[in-house]
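Structure file entry32.txt with compact mmCIF, C-alpha atoms:
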# COMPACT_ATOMS: atom_id res chain seq x y z
CA MET Z 140 -122.47 -156.25 0.62
CA TYR Z 141 -124.37 -156.81 -2.64
CA ALA Z 142 -121.13 -157.22 -4.59
CA ASP Z 143 -119.91 -159.88 -2.13
CA ALA Z 144 -123.23 -161.73 -2.31
CA ARG Z 145 -123.20 -161.54 -6.09
CA GLY Z 146 -119.72 -163.06 -6.15
CA VAL Z 147 -120.88 -165.96 -3.95
CA ILE Z 148 -123.90 -166.57 -6.20
CA ASP Z 149 -121.72 -166.56 -9.31
CA ASP Z 150 -119.36 -169.04 -7.63
CA ILE Z 151 -122.30 -171.33 -6.75
CA ASN Z 152 -123.63 -171.20 -10.31
CA GLU Z 153 -120.18 -172.03 -11.68
CA LYS Z 154 -119.85 -175.08 -9.44
CA LEU Z 155 -123.38 -176.26 -10.28
CA ALA Z 156 -122.36 -176.24 -13.94
CA SER Z 157 -119.20 -178.28 -13.29
CA GLU Z 158 -118.68 -182.06 -13.45
CA GLY Z 159 -119.05 -182.36 -9.65
CA ALA Z 160 -122.41 -180.56 -9.64
CA SER Z 161 -124.43 -183.39 -8.06
CA GLU Z 162 -122.09 -183.71 -5.05
CA TYR Z 163 -121.95 -179.93 -4.64
CA LEU Z 164 -125.76 -179.71 -4.76
CA GLU Z 165 -126.08 -182.31 -2.02
CA ARG Z 166 -123.72 -180.25 0.15
CA LEU Z 167 -125.79 -177.12 -0.48
CA LYS Z 168 -128.92 -179.00 0.56
CA ALA Z 169 -127.15 -180.13 3.75
CA VAL Z 170 -126.26 -176.52 4.56
CA GLY Z 171 -129.91 -175.54 4.02
CA ARG Z 172 -130.94 -178.21 6.52
CA GLY Z 173 -128.40 -176.92 9.04
CA GLU Z 174 -126.25 -180.04 8.66
CA ASN Z 175 -122.50 -180.44 8.20
CA PRO Z 176 -121.88 -180.59 4.42
CA PHE Z 177 -118.72 -182.64 5.13
CA PRO Z 178 -119.94 -185.46 7.39
CA VAL Z 179 -117.41 -187.25 9.56
CA ASN Z 180 -116.02 -190.27 7.78
CA VAL Z 181 -113.55 -192.53 9.52
CA VAL Z 182 -111.57 -195.14 7.62
CA SER Z 183 -108.99 -197.34 9.28
CA VAL Z 184 -106.86 -200.06 7.73
CA PRO Z 185 -105.14 -202.15 10.45
CA GLY Z 186 -101.37 -201.82 10.22
CA LYS Z 187 -101.62 -199.32 7.41
CA ALA Z 188 -103.27 -195.93 7.80
CA ALA Z 189 -106.34 -194.21 9.19
CA TRP Z 190 -108.13 -191.02 8.23
CA GLU Z 191 -111.07 -189.02 9.52
CA THR Z 192 -112.87 -186.02 8.04
CA ARG Z 193 -114.22 -183.18 10.15
CA GLY Z 194 -115.58 -180.42 7.96
CA ASP Z 195 -112.68 -178.72 6.16
CA LEU Z 196 -110.14 -180.87 8.01
CA ILE Z 197 -108.87 -184.38 7.34
CA TYR Z 198 -106.89 -186.11 10.09
CA ILE Z 199 -104.48 -188.81 8.92
CA THR Z 200 -102.40 -191.25 10.94
CA LEU Z 201 -99.76 -193.09 8.94
CA PRO Z 202 -98.06 -196.40 9.72
CA PRO Z 203 -94.61 -196.15 11.36
CA SER Z 204 -91.71 -194.95 9.26
CA GLU Z 205 -89.31 -197.58 7.98
CA GLY Z 206 -86.46 -195.12 7.46
CA VAL Z 207 -86.67 -195.35 3.65
CA THR Z 208 -84.23 -193.07 1.82
CA GLY Z 209 -85.09 -190.97 -1.21
CA PRO Z 210 -83.40 -193.31 -3.74
CA GLN Z 211 -85.15 -196.28 -2.09
CA TRP Z 212 -88.50 -194.50 -2.51
CA ILE Z 213 -87.74 -194.00 -6.20
CA GLU Z 214 -87.05 -197.70 -6.59
CA TYR Z 215 -90.22 -198.60 -4.68
CA PHE Z 216 -92.47 -196.32 -6.72
CA ASP Z 217 -91.00 -197.62 -9.97
CA GLU Z 218 -91.77 -201.19 -8.85
CA GLN Z 219 -95.34 -200.21 -7.91
CA ASP Z 220 -95.89 -198.36 -11.21
CA ILE Z 221 -96.48 -195.10 -9.36
CA LYS Z 222 -95.49 -192.20 -11.58
CA LEU Z 223 -92.83 -189.71 -10.50
CA SER Z 224 -92.49 -186.26 -12.00
CA ASP Z 225 -88.93 -185.23 -12.81
CA ASP Z 226 -89.03 -182.61 -10.06
CA ALA Z 227 -90.31 -185.14 -7.50
CA LYS Z 228 -87.46 -187.47 -8.41
CA ALA Z 229 -85.00 -184.60 -7.97
CA VAL Z 230 -86.47 -183.84 -4.51
CA LEU Z 231 -86.04 -187.48 -3.47
CA GLN Z 232 -82.45 -187.42 -4.71
CA SER Z 233 -81.69 -184.20 -2.85
CA GLU Z 234 -79.52 -184.18 0.28
CA ALA Z 235 -82.34 -182.19 1.90
CA PHE Z 236 -84.59 -185.27 1.81
CA ARG Z 237 -83.80 -187.38 4.84
CA PRO Z 238 -85.94 -190.14 6.39
CA THR Z 239 -87.11 -190.10 9.98
CA ALA Z 240 -85.98 -192.81 12.38
CA PRO Z 241 -87.73 -196.18 11.90
CA GLY Z 242 -90.85 -196.38 14.05
CA PHE Z 243 -91.71 -192.68 13.90
CA VAL Z 244 -95.46 -192.12 13.37
CA HIS Z 245 -96.65 -189.17 11.30
CA ARG Z 246 -99.93 -187.66 12.48
CA ILE Z 247 -101.22 -185.21 9.96
CA VAL Z 248 -103.92 -182.61 9.51
CA ALA Z 249 -104.93 -181.62 5.98
CA LEU Z 250 -106.96 -178.49 5.22
CA ARG Z 251 -109.20 -178.57 2.16
CA ALA Z 252 -108.31 -175.99 -0.47
CA THR Z 253 -111.98 -174.95 -0.55
CA PHE Z 254 -111.34 -173.26 2.81
CA TRP Z 255 -110.26 -170.32 0.66
CA LYS Z 256 -113.30 -169.27 -1.35
CA LYS Z 257 -111.47 -167.11 -3.89
CA ASP Z 258 -108.70 -168.42 -6.14
CA SER Z 259 -106.81 -165.14 -5.71
CA GLU Z 260 -106.60 -165.76 -1.94
CA ARG Z 261 -105.35 -169.34 -2.19
CA THR Z 262 -101.62 -168.55 -2.39
CA THR Z 263 -98.67 -170.35 -0.84
CA LYS Z 264 -98.07 -167.36 1.44
CA ALA Z 265 -101.66 -167.41 2.70
CA ILE Z 266 -101.62 -171.19 3.15
CA GLN Z 267 -98.41 -171.12 5.19
CA ALA Z 268 -99.80 -168.25 7.29
CA GLU Z 269 -102.96 -170.26 8.05
CA GLY Z 270 -100.86 -173.17 9.26
CA LEU Z 271 -98.86 -170.88 11.55
CA LEU Z 272 -102.08 -169.31 12.87
CA ARG Z 273 -103.39 -172.76 13.80
CA LYS Z 274 -100.00 -173.71 15.30
CA TRP Z 275 -99.53 -176.65 12.96
CA LEU Z 276 -95.99 -177.79 12.15
CA GLU Z 277 -94.23 -178.17 8.84
CA LEU Z 278 -94.74 -181.67 7.49
CA HIS Z 279 -91.75 -183.95 7.04
CA PRO Z 280 -91.41 -184.63 3.26
CA GLU Z 281 -91.16 -188.36 3.99
CA ALA Z 282 -94.81 -188.31 5.09
CA VAL Z 283 -95.91 -187.45 1.56
CA CYS Z 284 -94.21 -190.58 0.25
CA ILE Z 285 -95.95 -192.70 2.90
CA ILE Z 286 -99.29 -191.10 1.97
CA ARG Z 287 -98.68 -192.10 -1.65
CA LYS Z 288 -97.79 -195.64 -0.55
CA CYS Z 289 -100.89 -196.00 1.65
CA PHE Z 290 -103.63 -194.26 -0.33
CA SER Z 291 -104.84 -195.18 -3.78
CA ASP Z 292 -106.37 -192.65 -6.15
CA LYS Z 293 -109.80 -194.05 -5.32
CA GLN Z 294 -109.20 -193.39 -1.62
CA LEU Z 295 -108.15 -189.82 -2.39
CA GLU Z 296 -111.32 -189.36 -4.38
CA LYS Z 297 -113.32 -190.80 -1.50
CA MET Z 298 -111.86 -187.99 0.63
CA GLY Z 299 -113.15 -185.58 -2.02
CA LEU Z 300 -109.62 -184.76 -3.21
CA LEU Z 301 -107.60 -184.90 -6.39
CA TRP Z 302 -104.34 -184.08 -4.61
CA ILE Z 303 -102.62 -183.55 -1.27
CA VAL Z 304 -99.60 -181.26 -1.00
CA GLY Z 305 -97.28 -181.36 1.99
CA ILE Z 306 -96.49 -177.98 3.53
CA HIS Z 307 -92.91 -178.74 4.49
CA LYS Z 308 -89.69 -176.76 4.30
CA PRO Z 309 -89.41 -176.27 0.53
CA ILE Z 310 -86.70 -178.27 -1.22
CA GLU Z 311 -84.97 -176.54 -4.11
CA VAL Z 312 -84.85 -178.07 -7.57
CA ASP Z 313 -82.81 -176.09 -10.11
CA GLY Z 314 -83.07 -173.06 -7.84
CA TYR Z 315 -86.86 -173.24 -7.39
CA PRO Z 316 -88.57 -174.22 -4.10
CA ARG Z 317 -90.78 -177.30 -4.27
CA PHE Z 318 -93.41 -179.04 -2.14
CA LEU Z 319 -93.91 -182.79 -2.53
CA GLY Z 320 -97.47 -183.89 -3.24
CA VAL Z 321 -99.61 -186.81 -4.32
CA ASP Z 322 -102.25 -186.56 -6.99
CA CYS Z 323 -104.48 -188.47 -9.35
CA CYS Z 324 -104.85 -185.72 -11.95
CA GLY Z 325 -102.75 -187.16 -14.73
CA GLY Z 326 -104.13 -190.62 -15.40
CA GLY Z 327 -102.92 -192.76 -12.50
CA GLY Z 328 -101.17 -192.32 -9.19
CA TRP Z 329 -98.48 -189.64 -9.11
CA LEU Z 330 -95.89 -188.30 -6.73
CA SER Z 331 -95.18 -184.76 -7.87
CA ALA Z 332 -93.35 -181.64 -6.72
CA SER Z 333 -95.13 -178.30 -7.06
CA TRP Z 334 -93.62 -174.85 -7.11
CA ALA Z 335 -93.68 -173.43 -3.57
CA GLY Z 336 -93.19 -169.75 -4.38
CA PRO Z 337 -95.12 -167.40 -2.05
CA GLY Z 338 -97.33 -166.03 -4.81
CA ASN Z 339 -98.21 -169.39 -6.35
CA ARG Z 340 -101.99 -169.87 -6.65
CA TRP Z 341 -103.53 -173.28 -6.08
CA SER Z 342 -106.69 -174.91 -7.41
CA ASP Z 343 -109.55 -175.79 -5.06
CA ASP Z 344 -109.75 -179.57 -5.61
CA GLY Z 345 -107.14 -180.75 -3.12
CA ALA Z 346 -105.81 -180.24 0.41
CA PHE Z 347 -102.70 -178.98 2.19
CA ALA Z 348 -101.05 -181.14 4.86
CA TRP Z 349 -99.17 -180.26 8.05
CA SER Z 350 -97.89 -182.23 11.04
CA LEU Z 351 -99.91 -182.00 14.24
CA PRO Z 352 -98.13 -180.64 17.32
CA GLN Z 353 -97.19 -183.30 19.86
CA GLU Z 354 -99.94 -182.29 22.30
CA ASN Z 355 -102.56 -182.93 19.61
CA GLN Z 356 -101.22 -186.36 18.69
CA SER Z 357 -103.43 -188.40 20.95

Any chance you could put this one into structure tokens?
Amino acid sequence: MYADARGVIDDINEKLASEGASEYLERLKAVGRGENPFPVNVVSVPGKAAWETRGDLIYITLPPSEGVTGPQWIEYFDEQDIKLSDDAKAVLQSEAFRPTAPGFVHRIVALRATFWKKDSERTTKAIQAEGLLRKWLELHPEAVCIIRKCFSDKQLEKMGLLWIVGIHKPIEVDGYPRFLGVDCCGGGGWLSASWAGPGNRWSDDGAFAWSLPQENQS
């Protein structure tokens, strides 16, 4: 028990010494007052997208799909000066990337990476298992592109995130499984593709996204 408590205290001290210390301290104060440290925040842009935070969860409703193909997404992102990693471009060029029918609406739930308190526990295998436990569905890769189109880096930061990774059926690039994701970690908006190996460990400054089951899409 003492060892576990000591580990929590060390983790708190580390975060209080980080760049985001002031925000983290406010959340600690909220916990001390018995309040939700992640207050509900609803943002809706007519005809575009809407998102709502509920503790560790972020619910996102995207505008209807326009049936954009992978190569068309590449062209769009180039025009918008959104950066594409080489692996992300390869995913979009893959035969495994196929758009949904025009008009399809993606309703998404994203789980903050801070749900896992220890870095050693925040592995792809554990993340996928959590999604299965909650009966969430694999996200369609197209949804990640629409997220990148709809949300600026500032909006991601307003959610308290530096990245969102889609937990979809991995798409292989040069023999390695990849998840598409959006991030603002490298100086401007990016669409990237992260290694999706089961033992891959993830940082705690983003969120993982799934599709909501039909019965929850109300």

Report, as AutoDock Vina command-line options, the centre and edge lengths in Å (one decimal) of the axis-aligned box enclosing every listed atom of segment 214-225 of chain Z, padded by 5 Å on each side.
--center_x -91.8 --center_y -193.2 --center_z -8.7 --size_x 19.4 --size_y 26.0 --size_z 18.1

Do a neighbour search on Trp341 of chain Z at 12 Å with only C-alpha atoms, toss out local chain neighbours closer than 6 positions, and write the hits as a ChimeraX atom specification. /Z:251-266,302-304,333-335,347

For each of Z:Lys308, Z:Lys288, Z:Gly326, Z:Gln353, take the minimum atom-to-atom distance to Glu218 of chain Z, counting only C-alpha atoms, then give the residue where this is smallest.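 Ranking Z:Lys308, Z:Lys288, Z:Gly326, Z:Gln353 by distance to Glu218 of chain Z, first place goes to Z:Lys288.
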
Go through Z:Pro337, Z:Gly328, Z:Gly270, Z:Pro203 one by one, measure the shortest atom-to-atom distance of each to Gly242 of chain Z using only C-alpha atoms, and give the residue with the smallest value.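 Once distances to Gly242 of chain Z are computed over only C-alpha atoms, the minimum belongs to Z:Pro203.
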
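Minimum distance to Leu330 of chain Z across Z:Leu196, Z:Met298, Z:Ile285, Z:Val207 (counting only C-alpha atoms) occurs at Z:Ile285.
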
Near Trp329 of chain Z, within 10 Å and counting all atoms listed in the file, which residues show up once chain neighbours fewer than 4 positions away are dropped, as a JSON list (two decimals) with C-alpha atoms, in the frame of the given file?
[["chain", "number", "residue", "atom", "x", "y", "z"],
["Z", 216, "PHE", "CA", -92.47, -196.32, -6.72],
["Z", 220, "ASP", "CA", -95.89, -198.36, -11.21],
["Z", 221, "ILE", "CA", -96.48, -195.10, -9.36],
["Z", 222, "LYS", "CA", -95.49, -192.20, -11.58],
["Z", 223, "LEU", "CA", -92.83, -189.71, -10.50],
["Z", 224, "SER", "CA", -92.49, -186.26, -12.00],
["Z", 227, "ALA", "CA", -90.31, -185.14, -7.50],
["Z", 287, "ARG", "CA", -98.68, -192.10, -1.65],
["Z", 291, "SER", "CA", -104.84, -195.18, -3.78],
["Z", 292, "ASP", "CA", -106.37, -192.65, -6.15],
["Z", 302, "TRP", "CA", -104.34, -184.08, -4.61],
["Z", 320, "GLY", "CA", -97.47, -183.89, -3.24],
["Z", 321, "VAL", "CA", -99.61, -186.81, -4.32],
["Z", 322, "ASP", "CA", -102.25, -186.56, -6.99],
["Z", 323, "CYS", "CA", -104.48, -188.47, -9.35],
["Z", 324, "CYS", "CA", -104.85, -185.72, -11.95],
["Z", 325, "GLY", "CA", -102.75, -187.16, -14.73]]

From the options Z:Ala240, Z:Ile247, Z:Val312, Z:Ala282, which residue's atoms come nearest to Glu191 of chain Z, counting only C-alpha atoms? Z:Ile247

Which of these residues is nearest to Cys289 of chain Z, using all atoms listed in the file: Z:Ile151, Z:Ala156, Z:Leu276, Z:Leu201? Z:Leu201

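Taking all atoms listed in the file into account, the protein, DNA and RNA residues within 6 Å of (-109.1, -182.7, -7.8) read Leu300, Leu301, Trp302, Asp344 and Gly345 of chain Z.
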
Record the distance separating atom CA of Asn339 of chain Z and atom CA of Leu250 of chain Z, expressed in Å with one decimal. 17.1 Å

Within 9 Å of (-98.7, -188.9, 8.3) (file coordinates; all atoms listed in the file), which protein or nucleic acid residues are there? I'd like them as JSON, numbers by chain. {"Z": [188, 198, 199, 200, 201, 202, 203, 244, 245, 246, 247, 248, 278, 279, 281, 282, 283, 285, 286, 348, 349, 350]}

Atoms kept (C-alpha atoms) for selection, written as an mmCIF file, in the frame of the given file:
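New file out14.cif:
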data_model
loop_
_atom_site.group_PDB
_atom_site.id
_atom_site.type_symbol
_atom_site.label_atom_id
_atom_site.label_comp_id
_atom_site.auth_asym_id
_atom_site.auth_seq_id
_atom_site.Cartn_x
_atom_site.Cartn_y
_atom_site.Cartn_z
ATOM 1 C CA ALA Z 188 -103.270 -195.930 7.800
ATOM 2 C CA TYR Z 198 -106.890 -186.110 10.090
ATOM 3 C CA ILE Z 199 -104.480 -188.810 8.920
ATOM 4 C CA THR Z 200 -102.400 -191.250 10.940
ATOM 5 C CA LEU Z 201 -99.760 -193.090 8.940
ATOM 6 C CA PRO Z 202 -98.060 -196.400 9.720
ATOM 7 C CA PRO Z 203 -94.610 -196.150 11.360
ATOM 8 C CA VAL Z 244 -95.460 -192.120 13.370
ATOM 9 C CA HIS Z 245 -96.650 -189.170 11.300
ATOM 10 C CA ARG Z 246 -99.930 -187.660 12.480
ATOM 11 C CA ILE Z 247 -101.220 -185.210 9.960
ATOM 12 C CA VAL Z 248 -103.920 -182.610 9.510
ATOM 13 C CA LEU Z 278 -94.740 -181.670 7.490
ATOM 14 C CA HIS Z 279 -91.750 -183.950 7.040
ATOM 15 C CA GLU Z 281 -91.160 -188.360 3.990
ATOM 16 C CA ALA Z 282 -94.810 -188.310 5.090
ATOM 17 C CA VAL Z 283 -95.910 -187.450 1.560
ATOM 18 C CA ILE Z 285 -95.950 -192.700 2.900
ATOM 19 C CA ILE Z 286 -99.290 -191.100 1.970
ATOM 20 C CA ALA Z 348 -101.050 -181.140 4.860
ATOM 21 C CA TRP Z 349 -99.170 -180.260 8.050
ATOM 22 C CA SER Z 350 -97.890 -182.230 11.040
#

Please, what distance in Å, to one decimal, runs between atom CA of Pro210 of chain Z and atom CA of Pro316 of chain Z?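 Computing the Euclidean distance for atom CA of Pro210 of chain Z and atom CA of Pro316 of chain Z yields 19.8 Å.
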
I need the residue nearest Lys293 of chain Z from this list: Z:Ala235, Z:Asn152, Z:Gly327, Z:Asp225. Use only C-alpha atoms for the distance.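 Smallest distance to Lys293 of chain Z is found for Z:Gly327.
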
What separation in Å, quoted to one decimal, exists between atom CA of Lys187 of chain Z and atom CA of Asp226 of chain Z?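 We find that atom CA of Lys187 of chain Z and atom CA of Asp226 of chain Z lie 27.3 Å from each other.
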